[in-house]
Amino acid sequence: MDNNIEKLGYNWITAKSDEVDVVGDYYCQTRDIFQARLDKMVDNLLANNNIREEKTYLISAVVGEIGNNSFDHNLGSWINIIGIFFAYNFIDNELKIVLADRGQGILKTLKRVKPELENDSEALQTAFTERISGRAPENRGNGLKFSRESIKEENMRLVLTSGNARAELNRKMKIEKIEENIKGCLAILTV
Amino acid sequence: MFGNSDGINKLFIIMKIELKKFGDILVSRPAGREAYLVMSAYLTKELDKDELIEIDFSGVKVLTPSWADEVITKLAKEFKNVKLLNTENSSVQATLKTLRDYSDLKV
């Protein structure tokens, strides 16, 4: 398998629809497949012993929230490819986890409940900080706030790109506009 | 067995819900919703709304706000007397904090 999972994730989310890898080990077409691979990741991380047990559980919760967010908010409205890309590996004692979906993106999801949002940067800011749910009246939308707190607590690093905005989080959060337009959502967690 | 002023004896049984029986990696909303429906049908259906319910987190490795919001938040809204046990796990702690901050969880 290719060690450069960041590149694979980027290629997966930016590829033309007829060129997306939907047979590889990193593709999770359904939530059940994602859950099974997440369970395996927990076992693998615990077996590797590189990260303490309690931190492993928190990392897995963050990954679970980000991955499930993709399914929660895109069910029935995937743009072309159903499901997500999910990969992880250790490089130089650093755990890298990549999640990507080719869904509606955070701006379009949140605009349903907050129409005044003007751009992707505002949408990311809202997603990470405000009490809001893209599936209102259902009370959802805690996942990214939870991720932000956990990342801060355990000194992890998350780079989340959606549309033409990128959020970088560790102890602090920085959101910036980028030149590229990433359709859907690409998350890279580094531990 | 306890007696009250009406002379009626009532047996108080504490309902303890062991979350590990639903799995040790509790992550998605659909799975949480299913767990809540099962609890409603088999565990909590006959209970008075003011009876004590203990939710035991021992054995849970990974818990997310999505799963917990479908179960813990709902049980805490439905029943007046909910007690959380064995919440030491890091993801349990972080999840409960998120639900208290963003989902009005009061326990």
# chains A, B, ... in the order shown; residues from 1 in each chain; ligands from 1
>>> closest_atom_pairs(of="chain B", to="chain A", cutoff="12 Å", atoms="only C-alpha atoms", output="CSV")
residue,atom,partner,partner_atom,distance
B:Gly23,CA,A:Asp39,CA,10.7
B:Asp24,CA,A:Asp39,CA,9.4
B:Ile25,CA,A:Asp39,CA,7.0
B:Leu26,CA,A:Ala61,CA,8.7
B:Val27,CA,A:Gly64,CA,5.9
B:Ser28,CA,A:Asn68,CA,6.2
B:Arg29,CA,A:Asn68,CA,8.1
B:Pro30,CA,A:Asp72,CA,9.1
B:Ala31,CA,A:Asp32,CA,10.0
B:Val60,CA,A:Tyr57,CA,9.6
B:Lys61,CA,A:Tyr57,CA,6.0
B:Val62,CA,A:Tyr57,CA,5.2
B:Leu63,CA,A:Ala61,CA,6.1
B:Thr64,CA,A:Ala61,CA,5.4
B:Pro65,CA,A:Asn142,CA,6.5
B:Ser66,CA,A:Gly143,CA,6.9
B:Trp67,CA,A:Glu65,CA,9.4
B:Ala68,CA,A:Asn142,CA,10.8
B:Asp69,CA,A:Arg140,CA,8.2
B:Glu70,CA,A:Asn139,CA,9.4
B:Thr73,CA,A:Asn139,CA,10.4
B:Lys74,CA,A:Asn139,CA,11.0
B:Glu88,CA,A:Glu54,CA,9.7
B:Asn89,CA,A:Glu54,CA,6.8
B:Ser90,CA,A:Glu54,CA,5.7
B:Ser91,CA,A:Leu58,CA,4.8
B:Val92,CA,A:Leu58,CA,8.6
B:Gln93,CA,A:Leu58,CA,9.6
B:Ala94,CA,A:Ser150,CA,7.0
B:Thr95,CA,A:Phe146,CA,7.0
B:Leu96,CA,A:Phe146,CA,9.8
B:Lys97,CA,A:Phe146,CA,8.6
B:Thr98,CA,A:Phe146,CA,5.9
B:Leu99,CA,A:Asn142,CA,7.7
B:Arg100,CA,A:Asn142,CA,10.7
B:Asp101,CA,A:Arg131,CA,9.1
B:Tyr102,CA,A:Arg131,CA,6.3
B:Ser103,CA,A:Asn139,CA,7.5
B:Asp104,CA,A:Asn139,CA,10.4
>>> write_last_selection(atoms="N, CA and C atoms", output="compact mmCIF listing (two decimals), in the first residue's frame")
# COMPACT_ATOMS: atom_id res chain seq x y z
N GLY B 23 -21.81 -2.66 23.06
CA GLY B 23 -20.54 -2.58 22.34
C GLY B 23 -19.53 -1.77 23.12
N ASP B 24 -18.26 -1.89 22.75
CA ASP B 24 -17.26 -1.08 23.45
C ASP B 24 -16.77 0.11 22.62
N ILE B 25 -17.17 0.15 21.35
CA ILE B 25 -16.87 1.31 20.52
C ILE B 25 -18.20 1.86 20.03
N LEU B 26 -18.67 2.88 20.70
CA LEU B 26 -20.03 3.41 20.49
C LEU B 26 -19.92 4.75 19.79
N VAL B 27 -20.14 4.74 18.48
CA VAL B 27 -19.72 5.89 17.69
C VAL B 27 -20.84 6.60 16.92
N SER B 28 -21.66 5.86 16.19
CA SER B 28 -22.55 6.56 15.24
C SER B 28 -23.93 6.85 15.81
N ARG B 29 -24.61 7.80 15.21
CA ARG B 29 -25.98 8.13 15.61
C ARG B 29 -26.97 7.01 15.34
N PRO B 30 -26.93 6.40 14.15
CA PRO B 30 -27.89 5.31 13.93
C PRO B 30 -27.73 4.20 14.96
N ALA B 31 -26.49 3.87 15.32
CA ALA B 31 -26.28 2.82 16.33
C ALA B 31 -26.80 3.27 17.69
N VAL B 60 -16.61 0.56 28.28
CA VAL B 60 -16.72 1.33 27.04
C VAL B 60 -15.35 1.93 26.72
N LYS B 61 -14.85 1.66 25.51
CA LYS B 61 -13.55 2.19 25.12
C LYS B 61 -13.68 3.53 24.40
N VAL B 62 -14.56 3.56 23.42
CA VAL B 62 -14.70 4.77 22.61
C VAL B 62 -16.17 5.20 22.58
N LEU B 63 -16.41 6.42 23.01
CA LEU B 63 -17.77 6.97 22.99
C LEU B 63 -17.72 8.33 22.29
N THR B 64 -18.69 8.60 21.44
CA THR B 64 -18.75 9.91 20.78
C THR B 64 -20.03 10.64 21.17
N PRO B 65 -20.03 11.96 20.99
CA PRO B 65 -21.25 12.73 21.26
C PRO B 65 -22.43 12.29 20.39
N SER B 66 -22.16 11.82 19.18
CA SER B 66 -23.25 11.39 18.30
C SER B 66 -24.01 10.22 18.92
N TRP B 67 -23.29 9.19 19.33
CA TRP B 67 -23.94 8.01 19.92
C TRP B 67 -24.60 8.40 21.25
N ALA B 68 -23.84 9.11 22.06
CA ALA B 68 -24.32 9.44 23.40
C ALA B 68 -25.52 10.39 23.36
N ASP B 69 -25.57 11.26 22.37
CA ASP B 69 -26.68 12.20 22.28
C ASP B 69 -28.00 11.46 22.02
N GLU B 70 -27.90 10.35 21.33
CA GLU B 70 -29.09 9.55 21.04
C GLU B 70 -29.53 8.73 22.24
N THR B 73 -28.48 11.70 26.43
CA THR B 73 -29.28 12.93 26.45
C THR B 73 -30.77 12.60 26.51
N LYS B 74 -31.18 11.60 25.74
CA LYS B 74 -32.61 11.25 25.71
C LYS B 74 -33.06 10.64 27.04
N GLU B 88 -14.67 7.26 33.80
CA GLU B 88 -13.27 7.69 33.79
C GLU B 88 -12.65 7.73 32.39
N ASN B 89 -13.12 6.91 31.48
CA ASN B 89 -12.53 6.84 30.13
C ASN B 89 -12.47 8.24 29.49
N SER B 90 -11.36 8.50 28.77
CA SER B 90 -11.13 9.85 28.21
C SER B 90 -12.22 10.26 27.22
N SER B 91 -12.63 9.32 26.36
CA SER B 91 -13.65 9.70 25.37
C SER B 91 -15.03 9.86 26.03
N VAL B 92 -15.26 9.13 27.10
CA VAL B 92 -16.51 9.30 27.85
C VAL B 92 -16.53 10.68 28.50
N GLN B 93 -15.43 11.02 29.15
CA GLN B 93 -15.33 12.34 29.80
C GLN B 93 -15.54 13.47 28.79
N ALA B 94 -14.82 13.37 27.66
CA ALA B 94 -14.90 14.43 26.64
C ALA B 94 -16.30 14.51 26.04
N THR B 95 -16.90 13.36 25.82
CA THR B 95 -18.25 13.33 25.24
C THR B 95 -19.27 13.96 26.20
N LEU B 96 -19.19 13.59 27.46
CA LEU B 96 -20.15 14.15 28.43
C LEU B 96 -20.00 15.66 28.54
N LYS B 97 -18.75 16.12 28.47
CA LYS B 97 -18.52 17.57 28.52
C LYS B 97 -19.17 18.26 27.32
N THR B 98 -18.99 17.68 26.14
CA THR B 98 -19.59 18.26 24.93
C THR B 98 -21.11 18.28 25.04
N LEU B 99 -21.69 17.20 25.53
CA LEU B 99 -23.16 17.16 25.64
C LEU B 99 -23.68 18.16 26.68
N ARG B 100 -22.89 18.34 27.74
CA ARG B 100 -23.32 19.34 28.74
C ARG B 100 -23.21 20.75 28.16
N ASP B 101 -22.18 20.98 27.35
CA ASP B 101 -21.97 22.31 26.78
C ASP B 101 -22.94 22.62 25.63
N TYR B 102 -23.23 21.59 24.82
CA TYR B 102 -23.95 21.87 23.57
C TYR B 102 -25.32 21.19 23.43
N SER B 103 -25.60 20.20 24.28
CA SER B 103 -26.88 19.49 24.14
C SER B 103 -27.76 19.57 25.38
N ASP B 104 -27.38 20.48 26.29
CA ASP B 104 -28.19 20.68 27.50
C ASP B 104 -28.31 19.43 28.37
>>> select_by_dssp(residues="chain B", states="strand (DSSP E or B)", output="MDAnalysis selection string")
chainID B and resid 2:3 9:10 15:18 25:26 52:56 62:63 81:85
>>> atom_distance(atom1="atom CA of A:Glu179", atom2="atom CA of A:Asn164")
6.4 Å
>>> residues_around(residues="A:His73", least_positions_apart="5", cutoff="12 Å", atoms="only C-alpha atoms", output="PDB file with N, CA and C atoms, in the first residue's frame")
ATOM      1  N   GLU A  65     -16.279  10.629  14.850  1.00  0.00           N
ATOM      2  CA  GLU A  65     -17.172  11.773  14.634  1.00  0.00           C
ATOM      3  C   GLU A  65     -17.004  12.345  13.223  1.00  0.00           C
ATOM      4  N   ILE A  66     -15.758  12.526  12.806  1.00  0.00           N
ATOM      5  CA  ILE A  66     -15.528  13.135  11.486  1.00  0.00           C
ATOM      6  C   ILE A  66     -16.036  12.203  10.377  1.00  0.00           C
ATOM      7  N   GLY A  67     -15.734  10.920  10.503  1.00  0.00           N
ATOM      8  CA  GLY A  67     -16.184   9.968   9.486  1.00  0.00           C
ATOM      9  C   GLY A  67     -17.694   9.854   9.435  1.00  0.00           C
ATOM     10  N   ASN A  68     -18.308   9.760  10.596  1.00  0.00           N
ATOM     11  CA  ASN A  68     -19.771   9.632  10.625  1.00  0.00           C
ATOM     12  C   ASN A  68     -20.480  10.906  10.194  1.00  0.00           C
ATOM     13  N   TRP A  78     -25.066  12.595  -1.902  1.00  0.00           N
ATOM     14  CA  TRP A  78     -23.678  12.531  -2.367  1.00  0.00           C
ATOM     15  C   TRP A  78     -23.631  13.090  -3.787  1.00  0.00           C
ATOM     16  N   ILE A  79     -22.596  13.793  -4.131  1.00  0.00           N
ATOM     17  CA  ILE A  79     -22.537  14.407  -5.457  1.00  0.00           C
ATOM     18  C   ILE A  79     -22.333  13.336  -6.542  1.00  0.00           C
ATOM     19  N   ILE A  82     -20.573   7.633  -3.414  1.00  0.00           N
ATOM     20  CA  ILE A  82     -21.090   7.383  -2.075  1.00  0.00           C
ATOM     21  C   ILE A  82     -19.947   6.947  -1.160  1.00  0.00           C
ATOM     22  N   GLY A  83     -19.936   7.475   0.056  1.00  0.00           N
ATOM     23  CA  GLY A  83     -18.995   6.969   1.044  1.00  0.00           C
ATOM     24  C   GLY A  83     -17.760   7.832   1.235  1.00  0.00           C
ATOM     25  N   ASP A 101     -14.482  12.986   2.042  1.00  0.00           N
ATOM     26  CA  ASP A 101     -15.757  12.648   1.395  1.00  0.00           C
ATOM     27  C   ASP A 101     -15.995  13.589   0.230  1.00  0.00           C
ATOM     28  N   ARG A 102     -16.704  13.094  -0.754  1.00  0.00           N
ATOM     29  CA  ARG A 102     -17.025  13.878  -1.949  1.00  0.00           C
ATOM     30  C   ARG A 102     -18.489  14.307  -1.854  1.00  0.00           C
ATOM     31  N   GLY A 103     -18.844  14.849  -0.710  1.00  0.00           N
ATOM     32  CA  GLY A 103     -20.227  15.245  -0.457  1.00  0.00           C
ATOM     33  C   GLY A 103     -20.472  16.720  -0.719  1.00  0.00           C
ATOM     34  N   GLN A 104     -21.468  17.257  -0.025  1.00  0.00           N
ATOM     35  CA  GLN A 104     -21.923  18.626  -0.272  1.00  0.00           C
ATOM     36  C   GLN A 104     -20.963  19.688   0.258  1.00  0.00           C
ATOM     37  N   GLY A 105     -20.140  19.328   1.211  1.00  0.00           N
ATOM     38  CA  GLY A 105     -19.266  20.323   1.827  1.00  0.00           C
ATOM     39  C   GLY A 105     -19.958  21.015   2.984  1.00  0.00           C
ATOM     40  N   ILE A 106     -19.151  21.629   3.828  1.00  0.00           N
ATOM     41  CA  ILE A 106     -19.699  22.197   5.071  1.00  0.00           C
ATOM     42  C   ILE A 106     -20.561  23.437   4.809  1.00  0.00           C
ATOM     43  N   LEU A 107     -20.152  24.281   3.866  1.00  0.00           N
ATOM     44  CA  LEU A 107     -20.932  25.490   3.592  1.00  0.00           C
ATOM     45  C   LEU A 107     -22.353  25.148   3.165  1.00  0.00           C
ATOM     46  N   LYS A 108     -22.489  24.278   2.187  1.00  0.00           N
ATOM     47  CA  LYS A 108     -23.821  23.942   1.678  1.00  0.00           C
ATOM     48  C   LYS A 108     -24.667  23.271   2.768  1.00  0.00           C
ATOM     49  N   THR A 109     -24.028  22.443   3.581  1.00  0.00           N
ATOM     50  CA  THR A 109     -24.748  21.759   4.660  1.00  0.00           C
ATOM     51  C   THR A 109     -25.280  22.758   5.687  1.00  0.00           C
ATOM     52  N   LEU A 110     -24.415  23.680   6.089  1.00  0.00           N
ATOM     53  CA  LEU A 110     -24.825  24.626   7.144  1.00  0.00           C
ATOM     54  C   LEU A 110     -25.716  25.746   6.621  1.00  0.00           C
ATOM     55  N   ARG A 112     -28.264  25.516   4.977  1.00  0.00           N
ATOM     56  CA  ARG A 112     -29.677  25.129   5.137  1.00  0.00           C
ATOM     57  C   ARG A 112     -30.262  25.693   6.425  1.00  0.00           C
ATOM     58  N   SER A 133     -26.837  22.885  13.996  1.00  0.00           N
ATOM     59  CA  SER A 133     -26.892  21.570  13.376  1.00  0.00           C
ATOM     60  C   SER A 133     -27.326  21.699  11.936  1.00  0.00           C
ATOM     61  N   GLY A 134     -26.591  21.081  11.038  1.00  0.00           N
ATOM     62  CA  GLY A 134     -26.963  21.069   9.626  1.00  0.00           C
ATOM     63  C   GLY A 134     -28.207  20.236   9.369  1.00  0.00           C
ATOM     64  N   ARG A 135     -28.602  19.455  10.383  1.00  0.00           N
ATOM     65  CA  ARG A 135     -29.802  18.638  10.223  1.00  0.00           C
ATOM     66  C   ARG A 135     -30.882  19.060  11.194  1.00  0.00           C
ATOM     67  N   ALA A 136     -30.940  20.366  11.515  1.00  0.00           N
ATOM     68  CA  ALA A 136     -32.024  20.877  12.347  1.00  0.00           C
ATOM     69  C   ALA A 136     -33.348  20.530  11.668  1.00  0.00           C
ATOM     70  N   GLU A 138     -33.309  18.308  14.019  1.00  0.00           N
ATOM     71  CA  GLU A 138     -32.593  17.330  14.836  1.00  0.00           C
ATOM     72  C   GLU A 138     -31.472  18.051  15.562  1.00  0.00           C
ATOM     73  N   ARG A 140     -28.167  17.972  16.242  1.00  0.00           N
ATOM     74  CA  ARG A 140     -26.893  17.352  15.881  1.00  0.00           C
ATOM     75  C   ARG A 140     -25.806  18.400  15.934  1.00  0.00           C
ATOM     76  N   GLY A 141     -24.694  18.092  15.308  1.00  0.00           N
ATOM     77  CA  GLY A 141     -23.688  19.123  15.096  1.00  0.00           C
ATOM     78  C   GLY A 141     -22.712  19.315  16.224  1.00  0.00           C
ATOM     79  N   GLY A 143     -20.157  17.219  16.719  1.00  0.00           N
ATOM     80  CA  GLY A 143     -18.945  16.479  16.378  1.00  0.00           C
ATOM     81  C   GLY A 143     -17.698  17.330  16.228  1.00  0.00           C
ATOM     82  N   GLY A 184     -16.510  18.824  -1.080  1.00  0.00           N
ATOM     83  CA  GLY A 184     -16.645  17.833  -0.009  1.00  0.00           C
ATOM     84  C   GLY A 184     -15.813  18.251   1.182  1.00  0.00           C
ATOM     85  N   CYS A 185     -15.154  17.306   1.763  1.00  0.00           N
ATOM     86  CA  CYS A 185     -14.424  17.589   2.992  1.00  0.00           C
ATOM     87  C   CYS A 185     -13.202  16.672   3.105  1.00  0.00           C
TER      88      CYS A 185
ATOM     89  N   ARG B  29     -24.607   7.802  15.209  1.00  0.00           N
ATOM     90  CA  ARG B  29     -25.983   8.135  15.615  1.00  0.00           C
ATOM     91  C   ARG B  29     -26.972   7.010  15.340  1.00  0.00           C
TER      92      ARG B  29
END
>>> residues_around(residues="B:Glu54", least_positions_apart="2", cutoff="7 Å", atoms="only C-alpha atoms", output="ChimeraX atom specification")
/B:15-17,52,56,82-85
>>> write_last_selection(atoms="N, CA and C atoms", output="mmCIF file, in the first residue's frame")
data_model
loop_
_atom_site.group_PDB
_atom_site.id
_atom_site.type_symbol
_atom_site.label_atom_id
_atom_site.label_comp_id
_atom_site.auth_asym_id
_atom_site.auth_seq_id
_atom_site.Cartn_x
_atom_site.Cartn_y
_atom_site.Cartn_z
ATOM 1 N N MET B 15 -32.688 0.478 38.127
ATOM 2 C CA MET B 15 -32.393 0.032 36.774
ATOM 3 C C MET B 15 -30.964 0.435 36.421
ATOM 4 N N LYS B 16 -30.142 -0.545 36.152
ATOM 5 C CA LYS B 16 -28.760 -0.263 35.771
ATOM 6 C C LYS B 16 -28.576 -0.652 34.308
ATOM 7 N N ILE B 17 -28.199 0.316 33.499
ATOM 8 C CA ILE B 17 -27.973 0.046 32.077
ATOM 9 C C ILE B 17 -26.472 -0.036 31.838
ATOM 10 N N LEU B 52 -34.898 5.785 39.730
ATOM 11 C CA LEU B 52 -33.458 5.940 39.528
ATOM 12 C C LEU B 52 -32.968 5.031 38.401
ATOM 13 N N ASP B 56 -24.094 2.765 33.329
ATOM 14 C CA ASP B 56 -22.741 2.323 33.668
ATOM 15 C C ASP B 56 -21.857 2.310 32.415
ATOM 16 N N VAL B 82 -31.280 10.294 36.858
ATOM 17 C CA VAL B 82 -30.288 9.501 36.126
ATOM 18 C C VAL B 82 -28.914 9.705 36.743
ATOM 19 N N LYS B 83 -28.241 8.596 36.993
ATOM 20 C CA LYS B 83 -26.910 8.660 37.591
ATOM 21 C C LYS B 83 -25.907 8.003 36.642
ATOM 22 N N LEU B 84 -24.770 8.649 36.441
ATOM 23 C CA LEU B 84 -23.747 8.107 35.543
ATOM 24 C C LEU B 84 -22.642 7.456 36.364
ATOM 25 N N LEU B 85 -22.283 6.227 36.006
ATOM 26 C CA LEU B 85 -21.269 5.484 36.762
ATOM 27 C C LEU B 85 -20.051 5.165 35.889
#
>>> residues_around(residues="A:Val23", least_positions_apart="4", cutoff="12 Å", atoms="only C-alpha atoms", output="list in words")
Trp12, Glu19, Tyr27, Cys28, Gln29, Ile81, Gly83, Ile84 and Phe85 of chain A
>>> closest_residue(among="B:Gly32, B:Ile72, B:Phe79, B:Ala41", to="B:Ile53", atoms="only C-alpha atoms")
B:Phe79
>>> closest_residue(among="B:Val71, B:Glu78, B:Thr87, B:Leu105", to="B:Arg33", atoms="only C-alpha atoms")
B:Val71
>>> select_by_dssp(residues="stretch 7-191 of chain A", states="helix (DSSP H, G or I)", output="JSON, numbers by chain")
{"A": [7, 8, 9, 10, 11, 12, 13, 14, 17, 18, 19, 31, 32, 33, 34, 35, 36, 37, 38, 39, 40, 41, 42, 43, 44, 45, 46, 47, 48, 53, 54, 55, 56, 57, 58, 59, 60, 61, 62, 63, 64, 65, 66, 67, 68, 69, 70, 71, 72, 73, 74, 106, 107, 108, 109, 110, 111, 120, 121, 122, 123, 124, 125, 126, 127, 128, 129, 143, 144, 145, 146, 147, 148, 149, 150, 151, 152, 153]}
>>> decode(residues="stretch 43-70 of chain A", atoms="N, CA and C atoms", output="PDB file, in the first residue's frame")
ATOM      1  N   ASP A  43      -7.830  -1.449  17.577  1.00  0.00           N
ATOM      2  CA  ASP A  43      -7.035  -2.643  17.930  1.00  0.00           C
ATOM      3  C   ASP A  43      -5.577  -2.478  17.486  1.00  0.00           C
ATOM      4  N   ASN A  44      -5.398  -1.978  16.279  1.00  0.00           N
ATOM      5  CA  ASN A  44      -4.032  -1.813  15.752  1.00  0.00           C
ATOM      6  C   ASN A  44      -3.237  -0.807  16.572  1.00  0.00           C
ATOM      7  N   LEU A  45      -3.870   0.293  16.921  1.00  0.00           N
ATOM      8  CA  LEU A  45      -3.163   1.323  17.690  1.00  0.00           C
ATOM      9  C   LEU A  45      -2.799   0.804  19.080  1.00  0.00           C
ATOM     10  N   LEU A  46      -3.714   0.055  19.682  1.00  0.00           N
ATOM     11  CA  LEU A  46      -3.424  -0.495  21.010  1.00  0.00           C
ATOM     12  C   LEU A  46      -2.302  -1.536  20.927  1.00  0.00           C
ATOM     13  N   ALA A  47      -2.316  -2.321  19.854  1.00  0.00           N
ATOM     14  CA  ALA A  47      -1.289  -3.358  19.691  1.00  0.00           C
ATOM     15  C   ALA A  47       0.079  -2.728  19.434  1.00  0.00           C
ATOM     16  N   ASN A  48       0.086  -1.624  18.696  1.00  0.00           N
ATOM     17  CA  ASN A  48       1.359  -0.947  18.381  1.00  0.00           C
ATOM     18  C   ASN A  48       2.019  -0.337  19.596  1.00  0.00           C
ATOM     19  N   ASN A  49       1.167   0.053  20.559  1.00  0.00           N
ATOM     20  CA  ASN A  49       1.704   0.561  21.821  1.00  0.00           C
ATOM     21  C   ASN A  49       2.465   1.878  21.690  1.00  0.00           C
ATOM     22  N   ASN A  50       2.291   2.577  20.588  1.00  0.00           N
ATOM     23  CA  ASN A  50       2.993   3.855  20.398  1.00  0.00           C
ATOM     24  C   ASN A  50       2.278   5.006  21.088  1.00  0.00           C
ATOM     25  N   ILE A  51       1.010   4.832  21.275  1.00  0.00           N
ATOM     26  CA  ILE A  51       0.184   5.897  21.860  1.00  0.00           C
ATOM     27  C   ILE A  51      -0.508   5.319  23.090  1.00  0.00           C
ATOM     28  N   ARG A  52      -0.550   6.094  24.155  1.00  0.00           N
ATOM     29  CA  ARG A  52      -1.154   5.540  25.377  1.00  0.00           C
ATOM     30  C   ARG A  52      -2.645   5.251  25.146  1.00  0.00           C
ATOM     31  N   GLU A  53      -3.115   4.323  25.939  1.00  0.00           N
ATOM     32  CA  GLU A  53      -4.450   3.764  25.732  1.00  0.00           C
ATOM     33  C   GLU A  53      -5.561   4.823  25.726  1.00  0.00           C
ATOM     34  N   GLU A  54      -5.557   5.677  26.733  1.00  0.00           N
ATOM     35  CA  GLU A  54      -6.638   6.665  26.842  1.00  0.00           C
ATOM     36  C   GLU A  54      -6.624   7.645  25.671  1.00  0.00           C
ATOM     37  N   LYS A  55      -5.417   7.962  25.207  1.00  0.00           N
ATOM     38  CA  LYS A  55      -5.324   8.863  24.048  1.00  0.00           C
ATOM     39  C   LYS A  55      -5.840   8.164  22.790  1.00  0.00           C
ATOM     40  N   THR A  56      -5.551   6.880  22.682  1.00  0.00           N
ATOM     41  CA  THR A  56      -6.046   6.097  21.545  1.00  0.00           C
ATOM     42  C   THR A  56      -7.571   6.172  21.466  1.00  0.00           C
ATOM     43  N   TYR A  57      -8.218   6.068  22.606  1.00  0.00           N
ATOM     44  CA  TYR A  57      -9.686   6.099  22.611  1.00  0.00           C
ATOM     45  C   TYR A  57     -10.221   7.474  22.187  1.00  0.00           C
ATOM     46  N   LEU A  58      -9.541   8.498  22.628  1.00  0.00           N
ATOM     47  CA  LEU A  58      -9.992   9.844  22.258  1.00  0.00           C
ATOM     48  C   LEU A  58      -9.766  10.107  20.761  1.00  0.00           C
ATOM     49  N   ILE A  59      -8.616   9.694  20.259  1.00  0.00           N
ATOM     50  CA  ILE A  59      -8.339   9.821  18.817  1.00  0.00           C
ATOM     51  C   ILE A  59      -9.434   9.102  18.023  1.00  0.00           C
ATOM     52  N   SER A  60      -9.761   7.906  18.468  1.00  0.00           N
ATOM     53  CA  SER A  60     -10.756   7.103  17.751  1.00  0.00           C
ATOM     54  C   SER A  60     -12.131   7.762  17.783  1.00  0.00           C
ATOM     55  N   ALA A  61     -12.431   8.415  18.885  1.00  0.00           N
ATOM     56  CA  ALA A  61     -13.711   9.128  18.972  1.00  0.00           C
ATOM     57  C   ALA A  61     -13.740  10.293  17.979  1.00  0.00           C
ATOM     58  N   VAL A  62     -12.626  11.014  17.886  1.00  0.00           N
ATOM     59  CA  VAL A  62     -12.556  12.141  16.931  1.00  0.00           C
ATOM     60  C   VAL A  62     -12.719  11.621  15.507  1.00  0.00           C
ATOM     61  N   VAL A  63     -12.003  10.551  15.191  1.00  0.00           N
ATOM     62  CA  VAL A  63     -12.101   9.966  13.846  1.00  0.00           C
ATOM     63  C   VAL A  63     -13.525   9.469  13.594  1.00  0.00           C
ATOM     64  N   GLY A  64     -14.114   8.853  14.598  1.00  0.00           N
ATOM     65  CA  GLY A  64     -15.491   8.376  14.465  1.00  0.00           C
ATOM     66  C   GLY A  64     -16.461   9.506  14.180  1.00  0.00           C
ATOM     67  N   GLU A  65     -16.279  10.629  14.850  1.00  0.00           N
ATOM     68  CA  GLU A  65     -17.172  11.773  14.634  1.00  0.00           C
ATOM     69  C   GLU A  65     -17.004  12.345  13.223  1.00  0.00           C
ATOM     70  N   ILE A  66     -15.758  12.526  12.806  1.00  0.00           N
ATOM     71  CA  ILE A  66     -15.528  13.135  11.486  1.00  0.00           C
ATOM     72  C   ILE A  66     -16.036  12.203  10.377  1.00  0.00           C
ATOM     73  N   GLY A  67     -15.734  10.920  10.503  1.00  0.00           N
ATOM     74  CA  GLY A  67     -16.184   9.968   9.486  1.00  0.00           C
ATOM     75  C   GLY A  67     -17.694   9.854   9.435  1.00  0.00           C
ATOM     76  N   ASN A  68     -18.308   9.760  10.596  1.00  0.00           N
ATOM     77  CA  ASN A  68     -19.771   9.632  10.625  1.00  0.00           C
ATOM     78  C   ASN A  68     -20.480  10.906  10.194  1.00  0.00           C
ATOM     79  N   ASN A  69     -19.846  12.057  10.434  1.00  0.00           N
ATOM     80  CA  ASN A  69     -20.399  13.325   9.943  1.00  0.00           C
ATOM     81  C   ASN A  69     -20.643  13.260   8.442  1.00  0.00           C
ATOM     82  N   SER A  70     -19.689  12.668   7.736  1.00  0.00           N
ATOM     83  CA  SER A  70     -19.812  12.578   6.279  1.00  0.00           C
ATOM     84  C   SER A  70     -21.074  11.815   5.899  1.00  0.00           C
TER      85      SER A  70
END
